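Peer 1: Mind looking over this structure? Questions follow.
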Amino acid sequence: MDLSFGPRYEAFRHELREFIAAHLEQAPRVTESRVLNPRDPQLLAWQRLLVEHGYAGRTIPREYGGYGAAPDMLEARIIAEEFATAGVSPGISGQGIMMLIPTLLEFGTEEQRRRFIAPTLRGELVWCQGYSEPNAGSDLASLKTRAVLDGDEWVINGQKIWTSTAHLADWMFCLVRTEPAAPKHKGISFLLLPMTSPGLEVRPLKTMTGDASFNEVFFTDVRIPADSMVAGRGDGWRVANSLLGHERGMLGNPNVTLARFNALVELLKRETVDGRPLLEQAALRERLLRIQGRMLALRANDLRVLSARLNGSNAALAAMIVKLEGTELRHELERLAIDALGELGVLYRGSPHLREDGLWQQHYMYFLGLIIGGGTSQIQKNIIAERGLGMPREPGLK
Amino acid sequence: MDFGLSSDQVLLHDTLVRLLEDVAPLERVRAYAENDDDGGAEIWQALSEIGVPGLLVDERHGGAGLGVLDAALVAQALGAHVTPAPFVASAVLAPLALRLAGSAEQQAAWLPRLVSGATTVGMALAEHTGAREDTGVTARDGRLVGRALFVQDIDADAFVVAARDRTLHLVPADAAGLTRASLVTIDRTRRWGELVFENTPAEPLAQGDAASTLAALVDHGRVMTAADTLGAAQHMLEAAVAYAGQREQFGRVIASFQAVKHLCAEMAAALEPCHALVWYAAHALDAVPGEAHLYACHAKAHLAEVGTQVAKTATEVHGGMGFTDLLGLHYWFKRIGLNRQTFGSPERAREDAARAQGFA
């Protein structure tokens, strides 16, 4: 057991702290709603500054607009910790950066990488992910949107749903069926297409948060060049799967939870009921401390998973539970803020007396969405039971 | 950066598990629990032969000089086997009390006897994590007056007693003016009791700052109890998964039903991060003083909650069998139930954590 990062990493941490302190004026705070808007000018400027200093896109090669550092999990960890501790945005974290760039680095052609990675990293190209369909949610591999090769073009017909940021996006990466005769997992391909393509229609899907952060996307004879595919025909499921694990690890990240926990403590110190600080309420404190206990367990678990990855040992079950536990915990954390605020907690955007742009309510509802999205909690439990505990699979219907 | 168990630690845990499967199978635990038989002494003897009582004691006093994380792994294995053993008090807390507050003479007199396993020392600390009734012990001029309730290992040869003023005192079990009585808890795998002091002569453990020594004892006790619960809960989860894999209803093993799988997944999802939490809390007691108290409080409180959830759910997965004495699953259920209340209830531990952060 050795929790020290060593002098080289402590120097890196020190440097990063100084950077954050020196740029605090420009930094979007995690308590501002602007951190959720990928077109916000302050957020974009912050992203460019982070890329320039190697605190975003750190391991992306220089020729693709990144910082070109060698992958280093401890540096990544320190970056996540320090931004969380300071309560400032760690930059843009959309699906283009989190999902597409790693996909292109692993599976893309040289031309695809040169064309897409740098502007995506700078936040100039916003991407959406076209995976789910009305009848392909938890059972994603049964998706039906099809693409047929016609000369040197793919012709796409079908529908996607739950496409977050499609209304803002410039491009989409999506899964479509190109090999209808193949078994369902082998007939899917991974395509890139501009959202301005004729025949493509985006209909906003307003959610309970009041935002239309998701959409339905309809494809009617959408034509894109044949070279818009990443990897080969029928490779789409393999390409997508290599990143789904990444997405699940990302949802419920304990460092982001820590930043929200600290914001919650500040709220309970600052806000009052009957003239007394909320933190003096024993019942609220008890709930706060329960959440902290679960959070510390997940943070220690995160260290264990990181360490196991560094030394090649196995912590599969510890990694598998992160999405389920992390999203449920976040939802509960946001709910405590609402309960602590009482009637003030149910105020929403535009109201007088609103606290923190209505972010507590927004996150509370949004995290219910994340409990469902990215593999529902029920699907997570199936995975934990079957792959983690070795229990038998659900017998299929004959 | 290396956050995990070393190969030596894995070996220590595995060695202990094999030994306990051999010397402390459920039949022997059951005999101890039901008949007050002397089987507990044989188990302690076997643990002493591989050096368990001296795990944390300096090598110059004959111990192994290992760390709190190593001790937590032992506690975890003992919890997993619901082993009757005076480990927490005699092998962790008594050596710690002597190290922090004992004089050189006291260390030389007591530590070798503790290391050999020949002498056991119980702990009378419970008044400092929630005094009940009118309990409390007053120390004056080398003598103790009062009553200590929920004394850990009431059958021990001597006791460390924390007085009202937080000073610590060593009292042999046969001291004049000392009366002891056993309590009957739900968990018959360990013995708790009550001590009454009527002008009882006691040896003060007077070195260092008494309050911080007592705080360290409570923190270590909390982490060891959390580790014990971790082991017990892990056993219950594994037993539930194994049982569900054998039991057939409606023509299929019940492990293939989602309702049952999800109960098991919920247990695993709650319990798996607890391993890392206990490791961190144990390691912090040796190496991260700034976080040790906070993590000790949270490890104790969080394991109490998760342990309780697992104890209930794992019993349910076993159906009616889980409720029987025959299967013996209740020994784990009750061990977890007792652990939840000792060294401070989860509510108490959380309130301590709140105070430590200036929240209360």
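To be explicit about the labels: the chains of the structure tokens are called A, B, and onward in the order shown, and within each one the residues are counted from 1, while ligands get numbers from 1 in the order they are shown.
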With 7 Å as the cut-off and only C-alpha atoms counted, what is the closest atom pair between each nearby residue of stretch 297-317 of chain B and stretch 219-241 of chain B? Distances in Å to one decimal, ordered by chain and number, as CSV.
Peer 2:
```
residue,atom,partner,partner_atom,distance
B:Cys297,CA,B:Arg222,CA,6.9
B:Ala299,CA,B:Ala226,CA,6.0
B:Lys300,CA,B:Ala226,CA,4.9
B:Leu303,CA,B:Ala226,CA,5.5
B:Gly307,CA,B:Ala233,CA,5.5
B:Val310,CA,B:Ala233,CA,6.0
B:Ala311,CA,B:Ala233,CA,6.5
B:Ala314,CA,B:Ala240,CA,5.3
B:Val317,CA,B:Ala240,CA,5.9
```
Peer 1: Next, dump the selected residues to file, keeping only N, CA and C atoms, as a PDB file, in the first residue's frame.
Peer 2:
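And here is the file that came out, selection16.pdb:
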```
ATOM      1  N   CYS B 297     -14.517   6.680  11.292  1.00  0.00           N
ATOM      2  CA  CYS B 297     -15.942   6.904  11.562  1.00  0.00           C
ATOM      3  C   CYS B 297     -16.789   6.400  10.390  1.00  0.00           C
ATOM      4  N   ALA B 299     -15.946   4.311   7.912  1.00  0.00           N
ATOM      5  CA  ALA B 299     -15.853   2.872   7.661  1.00  0.00           C
ATOM      6  C   ALA B 299     -16.807   2.136   8.596  1.00  0.00           C
ATOM      7  N   LYS B 300     -16.791   2.523   9.860  1.00  0.00           N
ATOM      8  CA  LYS B 300     -17.660   1.867  10.837  1.00  0.00           C
ATOM      9  C   LYS B 300     -19.131   2.083  10.476  1.00  0.00           C
ATOM     10  N   LEU B 303     -20.068   0.441   6.860  1.00  0.00           N
ATOM     11  CA  LEU B 303     -20.136  -1.019   6.906  1.00  0.00           C
ATOM     12  C   LEU B 303     -21.319  -1.487   7.737  1.00  0.00           C
ATOM     13  N   GLY B 307     -23.595  -3.792   5.811  1.00  0.00           N
ATOM     14  CA  GLY B 307     -23.670  -5.105   6.460  1.00  0.00           C
ATOM     15  C   GLY B 307     -25.104  -5.474   6.788  1.00  0.00           C
ATOM     16  N   VAL B 310     -26.917  -6.404   3.588  1.00  0.00           N
ATOM     17  CA  VAL B 310     -26.509  -7.721   3.085  1.00  0.00           C
ATOM     18  C   VAL B 310     -27.064  -8.822   3.994  1.00  0.00           C
ATOM     19  N   ALA B 311     -27.011  -8.608   5.302  1.00  0.00           N
ATOM     20  CA  ALA B 311     -27.485  -9.633   6.232  1.00  0.00           C
ATOM     21  C   ALA B 311     -28.959  -9.942   5.976  1.00  0.00           C
ATOM     22  N   ALA B 314     -29.314 -11.373   2.034  1.00  0.00           N
ATOM     23  CA  ALA B 314     -28.765 -12.717   1.839  1.00  0.00           C
ATOM     24  C   ALA B 314     -29.650 -13.751   2.529  1.00  0.00           C
ATOM     25  N   VAL B 317     -32.609 -14.351   0.265  1.00  0.00           N
ATOM     26  CA  VAL B 317     -32.291 -15.178  -0.911  1.00  0.00           C
ATOM     27  C   VAL B 317     -32.322 -16.665  -0.536  1.00  0.00           C
TER      28      VAL B 317
END
```
Peer 1: Would you mind listing what lies within 9 Å of stretch 316-329 of chain A as JSON, numbers by chain, with only C-alpha atoms counted and same-chain residues fewer than 4 positions away left out?
Peer 2: {"A": [245, 247, 248, 249, 250, 251, 252, 253, 254, 257, 291, 294, 295, 298, 301, 302, 304, 305, 333, 334, 367, 368, 370, 371, 374, 375, 376, 377, 378, 380, 381, 383, 384, 387, 388, 389], "B": [265, 268, 269, 270, 272, 273]}
Peer 1: Take the residues from that selection and put them in a file with N, CA and C atoms, as a short mmCIF file (atom, residue, chain, number, x, y, z; two decimals), in the first residue's frame.
Peer 2:
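Result went into part.cif, see below:
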```
data_model
loop_
_atom_site.label_atom_id
_atom_site.label_comp_id
_atom_site.auth_asym_id
_atom_site.auth_seq_id
_atom_site.Cartn_x
_atom_site.Cartn_y
_atom_site.Cartn_z
N GLY A 245 -17.73 0.62 -22.23
CA GLY A 245 -17.16 0.45 -20.89
C GLY A 245 -16.62 1.77 -20.38
N GLU A 247 -17.66 4.76 -21.26
CA GLU A 247 -18.76 5.66 -20.93
C GLU A 247 -19.33 5.33 -19.56
N ARG A 248 -19.47 4.03 -19.28
CA ARG A 248 -20.03 3.64 -17.98
C ARG A 248 -19.12 4.04 -16.83
N GLY A 249 -17.80 3.97 -17.07
CA GLY A 249 -16.87 4.39 -16.03
C GLY A 249 -16.98 5.88 -15.78
N MET A 250 -17.33 6.62 -16.86
CA MET A 250 -17.39 8.08 -16.82
C MET A 250 -18.62 8.54 -16.04
N LEU A 251 -19.73 7.82 -16.19
CA LEU A 251 -20.96 8.19 -15.52
C LEU A 251 -20.82 7.81 -14.06
N GLY A 252 -20.96 8.79 -13.19
CA GLY A 252 -20.82 8.49 -11.77
C GLY A 252 -19.39 8.64 -11.30
N ASN A 253 -18.58 9.38 -12.05
CA ASN A 253 -17.20 9.67 -11.66
C ASN A 253 -17.14 10.27 -10.25
N PRO A 254 -16.46 9.62 -9.31
CA PRO A 254 -16.47 10.08 -7.93
C PRO A 254 -15.79 11.43 -7.72
N THR A 257 -18.49 13.92 -8.25
CA THR A 257 -19.38 13.84 -7.09
C THR A 257 -18.79 14.61 -5.92
N ILE A 291 -24.32 10.22 2.84
CA ILE A 291 -23.87 10.39 1.46
C ILE A 291 -22.35 10.44 1.42
N ARG A 294 -20.84 6.92 1.65
CA ARG A 294 -20.92 6.20 0.37
C ARG A 294 -19.92 6.77 -0.63
N MET A 295 -19.78 8.09 -0.61
CA MET A 295 -18.86 8.74 -1.55
C MET A 295 -17.41 8.33 -1.26
N LEU A 298 -16.76 4.97 -2.60
CA LEU A 298 -16.59 4.96 -4.05
C LEU A 298 -15.27 5.60 -4.47
N ASN A 301 -12.76 3.01 -3.84
CA ASN A 301 -12.96 2.01 -4.89
C ASN A 301 -12.32 2.47 -6.20
N ASP A 302 -12.44 3.77 -6.48
CA ASP A 302 -11.86 4.34 -7.68
C ASP A 302 -10.33 4.22 -7.66
N ARG A 304 -8.72 1.93 -6.09
CA ARG A 304 -8.44 0.50 -6.26
C ARG A 304 -8.48 0.11 -7.73
N VAL A 305 -9.49 0.63 -8.44
CA VAL A 305 -9.62 0.30 -9.86
C VAL A 305 -8.44 0.89 -10.64
N LEU A 333 -27.59 12.81 -3.74
CA LEU A 333 -26.88 14.02 -3.28
C LEU A 333 -27.65 15.27 -3.70
N GLU A 334 -28.05 15.32 -4.97
CA GLU A 334 -28.77 16.50 -5.48
C GLU A 334 -30.11 16.63 -4.75
N PHE A 367 -29.88 13.43 -13.42
CA PHE A 367 -29.25 12.18 -12.97
C PHE A 367 -30.24 11.02 -12.92
N LEU A 368 -31.51 11.34 -12.82
CA LEU A 368 -32.49 10.25 -13.01
C LEU A 368 -32.38 9.75 -14.44
N LEU A 370 -29.65 9.79 -16.16
CA LEU A 370 -28.41 9.01 -16.28
C LEU A 370 -28.51 7.65 -15.58
N ILE A 371 -29.41 7.55 -14.61
CA ILE A 371 -29.66 6.24 -14.00
C ILE A 371 -30.26 5.32 -15.07
N GLY A 374 -27.29 5.05 -20.73
CA GLY A 374 -25.97 4.42 -20.61
C GLY A 374 -26.04 3.04 -20.01
N GLY A 375 -27.17 2.35 -20.18
CA GLY A 375 -27.38 1.05 -19.54
C GLY A 375 -28.10 1.27 -18.22
N THR A 376 -29.39 0.99 -18.18
CA THR A 376 -30.20 1.28 -16.99
C THR A 376 -29.63 0.59 -15.75
N SER A 377 -30.09 1.05 -14.59
CA SER A 377 -29.64 0.40 -13.35
C SER A 377 -29.99 -1.09 -13.37
N GLN A 378 -31.10 -1.44 -14.02
CA GLN A 378 -31.50 -2.84 -14.06
C GLN A 378 -30.56 -3.65 -14.95
N GLN A 380 -27.46 -2.78 -15.46
CA GLN A 380 -26.22 -2.85 -14.68
C GLN A 380 -26.27 -4.02 -13.70
N LYS A 381 -27.44 -4.21 -13.07
CA LYS A 381 -27.57 -5.31 -12.10
C LYS A 381 -27.46 -6.66 -12.80
N ILE A 383 -25.63 -7.20 -15.42
CA ILE A 383 -24.21 -7.35 -15.74
C ILE A 383 -23.44 -7.77 -14.48
N ILE A 384 -23.73 -7.10 -13.35
CA ILE A 384 -23.03 -7.42 -12.10
C ILE A 384 -23.32 -8.87 -11.69
N ARG A 387 -21.91 -11.28 -15.00
CA ARG A 387 -20.46 -11.26 -15.26
C ARG A 387 -19.66 -11.15 -13.97
N GLY A 388 -20.21 -10.45 -12.97
CA GLY A 388 -19.46 -10.24 -11.74
C GLY A 388 -19.60 -11.40 -10.77
N LEU A 389 -20.82 -11.92 -10.62
CA LEU A 389 -21.06 -12.98 -9.63
C LEU A 389 -21.22 -14.35 -10.27
N ALA B 265 -27.03 -8.65 -6.99
CA ALA B 265 -26.26 -7.55 -7.60
C ALA B 265 -26.27 -6.33 -6.68
N ALA B 268 -23.77 -6.94 -3.99
CA ALA B 268 -22.40 -6.82 -4.49
C ALA B 268 -22.04 -5.37 -4.76
N ALA B 269 -22.99 -4.63 -5.33
CA ALA B 269 -22.71 -3.23 -5.67
C ALA B 269 -22.45 -2.41 -4.42
N ALA B 270 -23.17 -2.72 -3.35
CA ALA B 270 -22.96 -1.98 -2.10
C ALA B 270 -21.68 -2.45 -1.40
N GLU B 272 -18.90 -4.27 -2.62
CA GLU B 272 -17.57 -4.29 -3.26
C GLU B 272 -16.74 -3.04 -2.92
N PRO B 273 -17.33 -1.83 -2.97
CA PRO B 273 -16.51 -0.66 -2.61
C PRO B 273 -16.08 -0.65 -1.14
#
```
Peer 1: DSSP on the backbone: what in stretch 3-141 of chain B comes out alpha helix (DSSP H), as a ChimeraX atom specification?
Peer 2: /B:7-23,26-35,39-49,68-80,87,94-101,104-116
Peer 1: Kindly provide, as a VMD selection string, the residues of chain B having any atom no farther than 7 Å from an atom of chain A, counting only C-alpha atoms.
Peer 2: chain B and resid 1 to 6 255 to 257 261 to 262 264 to 266 269 272 to 274 276 to 277 280 298 302 350 354 359 to 360
Peer 1: Could the residues in this selection be written to a file with N, CA and C atoms, as a short mmCIF file (atom, residue, chain, number, x, y, z; two decimals), in the first residue's frame?
Peer 2:
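Output saved as out-v8.cif:
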```cif
data_model
loop_
_atom_site.label_atom_id
_atom_site.label_comp_id
_atom_site.auth_asym_id
_atom_site.auth_seq_id
_atom_site.Cartn_x
_atom_site.Cartn_y
_atom_site.Cartn_z
N MET B 1 2.35 4.90 -6.64
CA MET B 1 0.96 4.70 -6.20
C MET B 1 0.61 3.22 -6.30
N ASP B 2 0.21 2.68 -5.22
CA ASP B 2 -0.21 1.28 -5.24
C ASP B 2 -1.28 1.11 -4.18
N PHE B 3 -2.53 1.12 -4.60
CA PHE B 3 -3.62 0.97 -3.65
C PHE B 3 -4.23 -0.42 -3.80
N GLY B 4 -3.71 -1.33 -3.00
CA GLY B 4 -4.19 -2.70 -3.07
C GLY B 4 -3.41 -3.51 -2.07
N LEU B 5 -3.71 -4.79 -2.04
CA LEU B 5 -3.03 -5.65 -1.08
C LEU B 5 -1.73 -6.16 -1.68
N SER B 6 -0.68 -6.23 -0.86
CA SER B 6 0.58 -6.80 -1.32
C SER B 6 0.43 -8.32 -1.38
N ALA B 255 -31.27 -18.74 -9.19
CA ALA B 255 -30.28 -17.73 -9.60
C ALA B 255 -30.55 -17.22 -11.00
N SER B 256 -31.39 -17.93 -11.77
CA SER B 256 -31.68 -17.47 -13.13
C SER B 256 -32.84 -16.48 -13.15
N PHE B 257 -33.49 -16.29 -12.00
CA PHE B 257 -34.57 -15.29 -11.95
C PHE B 257 -33.99 -13.91 -11.71
N LYS B 261 -31.41 -12.39 -8.96
CA LYS B 261 -30.13 -11.84 -9.43
C LYS B 261 -29.96 -10.39 -8.98
N HIS B 262 -31.05 -9.64 -9.07
CA HIS B 262 -30.92 -8.22 -8.72
C HIS B 262 -30.68 -8.04 -7.22
N CYS B 264 -28.91 -10.02 -5.46
CA CYS B 264 -27.48 -10.33 -5.29
C CYS B 264 -26.61 -9.21 -5.85
N ALA B 265 -27.03 -8.65 -6.99
CA ALA B 265 -26.26 -7.55 -7.60
C ALA B 265 -26.27 -6.33 -6.68
N GLU B 266 -27.40 -6.08 -6.05
CA GLU B 266 -27.47 -4.92 -5.13
C GLU B 266 -26.53 -5.12 -3.95
N ALA B 269 -22.99 -4.63 -5.33
CA ALA B 269 -22.71 -3.23 -5.67
C ALA B 269 -22.45 -2.41 -4.42
N GLU B 272 -18.90 -4.27 -2.62
CA GLU B 272 -17.57 -4.29 -3.26
C GLU B 272 -16.74 -3.04 -2.92
N PRO B 273 -17.33 -1.83 -2.97
CA PRO B 273 -16.51 -0.66 -2.61
C PRO B 273 -16.08 -0.65 -1.14
N CYS B 274 -16.74 -1.45 -0.31
CA CYS B 274 -16.40 -1.48 1.12
C CYS B 274 -15.01 -2.08 1.35
N ALA B 276 -12.36 -1.52 -0.48
CA ALA B 276 -11.43 -0.39 -0.63
C ALA B 276 -11.56 0.60 0.52
N LEU B 277 -12.78 0.81 0.99
CA LEU B 277 -12.98 1.74 2.11
C LEU B 277 -12.28 1.24 3.37
N TYR B 280 -8.52 1.53 2.94
CA TYR B 280 -8.08 2.92 3.08
C TYR B 280 -8.09 3.35 4.54
N HIS B 298 -16.38 6.78 9.19
CA HIS B 298 -17.18 6.41 8.02
C HIS B 298 -17.12 4.92 7.72
N HIS B 302 -20.55 3.12 7.58
CA HIS B 302 -20.97 2.64 6.26
C HIS B 302 -21.05 1.12 6.23
N ARG B 350 -21.31 8.76 12.56
CA ARG B 350 -21.48 9.85 11.59
C ARG B 350 -21.46 11.21 12.27
N ALA B 354 -19.04 14.26 11.55
CA ALA B 354 -19.53 15.63 11.30
C ALA B 354 -18.76 16.62 12.17
N PHE B 359 -18.82 20.37 10.99
CA PHE B 359 -20.21 20.45 10.55
C PHE B 359 -21.16 20.52 11.74
N ALA B 360 -20.66 20.09 12.91
CA ALA B 360 -21.54 20.07 14.08
C ALA B 360 -20.77 20.62 15.27
#
```
Peer 1: Extract, using only C-alpha atoms, all DNA, RNA and protein residues at most 6 Å from stretch 122-126 of chain A, discarding same-chain residues fewer than 2 positions from it, and format them as a list of chain:residue names.
Peer 2: A:Arg48, A:Pro119, A:Thr120, A:Ala169, A:Asp170
Peer 1: I need the chosen residues saved as a compact mmCIF listing (two decimals), in the first residue's frame, with N, CA, C and O atoms.
Peer 2:
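See selection-v3.txt below for the written result:
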```
# COMPACT_ATOMS: atom_id res chain seq x y z
N ARG A 48 -9.93 25.87 -24.80
CA ARG A 48 -8.72 26.13 -25.60
C ARG A 48 -7.51 26.34 -24.69
O ARG A 48 -6.42 25.83 -24.96
N PRO A 119 -10.47 19.94 -34.41
CA PRO A 119 -11.62 20.83 -34.17
C PRO A 119 -12.58 20.29 -33.10
O PRO A 119 -13.21 21.07 -32.38
N THR A 120 -12.67 18.98 -32.97
CA THR A 120 -13.52 18.39 -31.93
C THR A 120 -12.97 18.73 -30.56
O THR A 120 -13.68 19.14 -29.65
N ALA A 169 -25.53 19.78 -32.54
CA ALA A 169 -24.35 19.11 -33.09
C ALA A 169 -24.12 19.49 -34.55
O ALA A 169 -25.04 19.78 -35.29
N ASP A 170 -22.84 19.44 -34.93
CA ASP A 170 -22.45 19.61 -36.32
C ASP A 170 -22.43 18.26 -37.04
O ASP A 170 -22.72 18.17 -38.22
```
Peer 1: With only C-alpha atoms as the counted atoms, please give the residues lying no more than 8 Å from stretch 28-32 of chain A, apart from itself and same-chain residues fewer than 3 positions off, as a ChimeraX atom specification.
Peer 2: /A:35,42-43,46,87-89,259-260,263,356-357,359
Peer 1: Please list as an mmCIF file with N, CA, C and O atoms, in the first residue's frame every residue within 12 Å of B:Leu183, counting only C-alpha atoms and excluding residues in the same chain fewer than 6 positions away.
Peer 2:
```
data_model
loop_
_atom_site.group_PDB
_atom_site.id
_atom_site.type_symbol
_atom_site.label_atom_id
_atom_site.label_comp_id
_atom_site.auth_asym_id
_atom_site.auth_seq_id
_atom_site.Cartn_x
_atom_site.Cartn_y
_atom_site.Cartn_z
ATOM 1 N N LEU B 149 -20.219 -0.907 31.183
ATOM 2 C CA LEU B 149 -21.137 -1.809 30.490
ATOM 3 C C LEU B 149 -20.587 -2.070 29.086
ATOM 4 O O LEU B 149 -19.799 -1.281 28.568
ATOM 5 N N PHE B 150 -21.034 -3.154 28.485
ATOM 6 C CA PHE B 150 -20.578 -3.524 27.134
ATOM 7 C C PHE B 150 -19.056 -3.598 27.069
ATOM 8 O O PHE B 150 -18.409 -2.938 26.263
ATOM 9 N N VAL B 151 -18.518 -4.416 27.963
ATOM 10 C CA VAL B 151 -17.078 -4.664 27.992
ATOM 11 C C VAL B 151 -16.783 -5.792 27.006
ATOM 12 O O VAL B 151 -17.403 -6.858 27.054
ATOM 13 N N GLN B 152 -15.818 -5.520 26.111
ATOM 14 C CA GLN B 152 -15.482 -6.495 25.073
ATOM 15 C C GLN B 152 -14.624 -7.605 25.667
ATOM 16 O O GLN B 152 -13.663 -7.322 26.376
ATOM 17 N N ASP B 153 -14.957 -8.854 25.367
ATOM 18 C CA ASP B 153 -14.234 -10.029 25.863
ATOM 19 C C ASP B 153 -14.248 -10.096 27.391
ATOM 20 O O ASP B 153 -13.209 -9.996 28.057
ATOM 21 N N ILE B 154 -15.403 -10.301 27.930
ATOM 22 C CA ILE B 154 -15.595 -10.303 29.382
ATOM 23 C C ILE B 154 -14.883 -11.475 30.051
ATOM 24 O O ILE B 154 -14.608 -11.439 31.252
ATOM 25 N N ASP B 155 -14.535 -12.527 29.282
ATOM 26 C CA ASP B 155 -13.809 -13.668 29.851
ATOM 27 C C ASP B 155 -12.294 -13.450 29.913
ATOM 28 O O ASP B 155 -11.552 -14.364 30.261
ATOM 29 N N ARG B 190 -19.132 -14.142 20.413
ATOM 30 C CA ARG B 190 -18.203 -13.326 21.208
ATOM 31 C C ARG B 190 -18.864 -12.998 22.538
ATOM 32 O O ARG B 190 -20.083 -12.998 22.649
ATOM 33 N N ARG B 191 -18.037 -12.726 23.539
ATOM 34 C CA ARG B 191 -18.569 -12.536 24.880
ATOM 35 C C ARG B 191 -18.422 -11.083 25.334
ATOM 36 O O ARG B 191 -17.310 -10.565 25.381
ATOM 37 N N TRP B 192 -19.531 -10.470 25.656
ATOM 38 C CA TRP B 192 -19.532 -9.109 26.185
ATOM 39 C C TRP B 192 -20.070 -9.145 27.610
ATOM 40 O O TRP B 192 -20.789 -10.085 27.979
ATOM 41 N N GLY B 193 -19.740 -8.142 28.392
ATOM 42 C CA GLY B 193 -20.191 -8.190 29.780
ATOM 43 C C GLY B 193 -20.135 -6.851 30.472
ATOM 44 O O GLY B 193 -20.038 -5.791 29.837
ATOM 45 N N GLU B 194 -20.202 -6.940 31.784
ATOM 46 C CA GLU B 194 -20.317 -5.757 32.623
ATOM 47 C C GLU B 194 -19.309 -5.882 33.756
ATOM 48 O O GLU B 194 -19.135 -6.967 34.314
ATOM 49 N N LEU B 195 -18.653 -4.778 34.082
ATOM 50 C CA LEU B 195 -17.701 -4.777 35.193
ATOM 51 C C LEU B 195 -18.170 -3.761 36.234
ATOM 52 O O LEU B 195 -18.549 -2.643 35.891
#
```
Peer 1: For B:Ala124, list every protein, DNA or RNA residue within 12 Å, evaluated using only C-alpha atoms, and leave out those in the same chain fewer than 4 positions away; present the list as JSON, numbers by chain.
Peer 2: {"B": [89, 93, 94, 128, 129, 131, 135, 136, 137, 146, 147, 148, 149, 150, 151, 152, 153, 154, 156, 158, 159, 160, 161, 162, 163, 164, 166, 167, 168, 169, 170, 171, 180, 192, 193, 194, 195, 196, 197, 214, 217, 218, 221, 342, 343]}
Peer 1: Apply DSSP to the backbone of this structure and, from stretch 81-317 of chain A, keep only the residues in strand (DSSP E or B); write these as a compact mmCIF listing (two decimals) with C-alpha atoms, in the first residue's frame.
Peer 2:
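Printed below is out.txt as written:
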```txt
# COMPACT_ATOMS: atom_id res chain seq x y z
CA VAL A 88 -14.06 24.54 -11.73
CA TRP A 127 -20.88 15.68 -32.05
CA CYS A 128 -23.87 13.61 -31.14
CA GLN A 129 -24.09 9.88 -30.78
CA GLY A 130 -26.73 8.02 -32.79
CA GLU A 133 -33.63 3.58 -31.38
CA ALA A 136 -33.41 -0.79 -29.49
CA ARG A 146 -30.22 0.71 -42.21
CA ALA A 147 -27.64 1.95 -44.67
CA VAL A 148 -27.45 0.58 -48.21
CA LEU A 149 -24.50 1.16 -50.51
CA ASP A 150 -25.56 2.86 -53.73
CA GLU A 153 -22.68 6.56 -51.27
CA TRP A 154 -24.42 5.08 -48.25
CA VAL A 155 -28.16 5.70 -48.23
CA ILE A 156 -29.57 5.78 -44.70
CA ASN A 157 -33.17 5.29 -43.61
CA GLY A 158 -34.53 4.91 -40.10
CA GLN A 159 -34.79 6.65 -36.76
CA LYS A 160 -32.66 7.33 -33.72
CA ILE A 161 -33.84 8.48 -30.33
CA TRP A 171 -21.85 15.90 -36.88
CA MET A 172 -23.15 12.56 -35.74
CA PHE A 173 -21.40 9.24 -35.21
CA CYS A 174 -23.90 6.44 -35.43
CA LEU A 175 -24.53 2.73 -35.61
CA VAL A 176 -26.52 1.46 -38.58
CA ARG A 177 -27.33 -1.94 -40.01
CA ILE A 188 -23.75 -3.20 -37.72
CA SER A 189 -21.37 -0.50 -38.99
CA PHE A 190 -20.11 2.79 -37.53
CA LEU A 191 -20.74 5.87 -39.70
CA LEU A 192 -19.92 9.61 -39.48
CA LEU A 193 -22.28 12.14 -41.04
CA PRO A 194 -22.94 15.89 -41.07
CA LEU A 200 -32.02 14.30 -41.90
CA GLU A 201 -34.53 15.79 -39.50
CA VAL A 202 -33.97 16.55 -35.82
CA ARG A 203 -36.99 16.82 -33.55
CA PRO A 204 -36.21 17.97 -30.04
CA LEU A 205 -37.31 15.66 -27.28
CA PHE A 214 -32.24 14.87 -26.24
CA ASN A 215 -33.74 14.47 -29.69
CA GLU A 216 -35.31 12.16 -32.17
CA VAL A 217 -33.41 12.01 -35.45
CA PHE A 218 -35.14 10.81 -38.61
CA PHE A 219 -33.28 9.61 -41.70
CA THR A 220 -35.05 9.66 -45.06
CA ASP A 221 -32.72 8.68 -47.91
CA VAL A 222 -29.80 10.49 -46.28
CA ARG A 223 -26.78 10.10 -48.59
CA ILE A 224 -23.20 10.24 -47.36
CA PRO A 225 -19.92 9.28 -49.04
CA MET A 229 -17.28 4.54 -42.21
CA VAL A 230 -14.97 3.95 -39.23
CA THR A 272 -30.74 29.23 6.67
CA VAL A 273 -34.09 28.09 8.00
CA ARG A 276 -30.24 29.19 11.58
CA PRO A 277 -27.78 27.59 9.13
```
Peer 1: What separation in Å, quoted to one decimal, exists between atom CA of A:Met73 and atom CA of A:Thr103?
Peer 2: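 For atom CA of A:Met73 relative to atom CA of A:Thr103, the distance reads 18.6 Å.
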Peer 1: Please provide the set of residues having any atom within 12 Å of A:Leu354, restricted to only C-alpha atoms, with same-chain residues fewer than 4 positions apart removed, written as a list in words.
Peer 2: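 The neighbour list is Ile338, Leu341, Glu343, Leu344, Gly345, Val346, Leu347, Tyr348, Arg349, Gly350, Gly358, Leu359, Trp360 and Gln361 of chain A.
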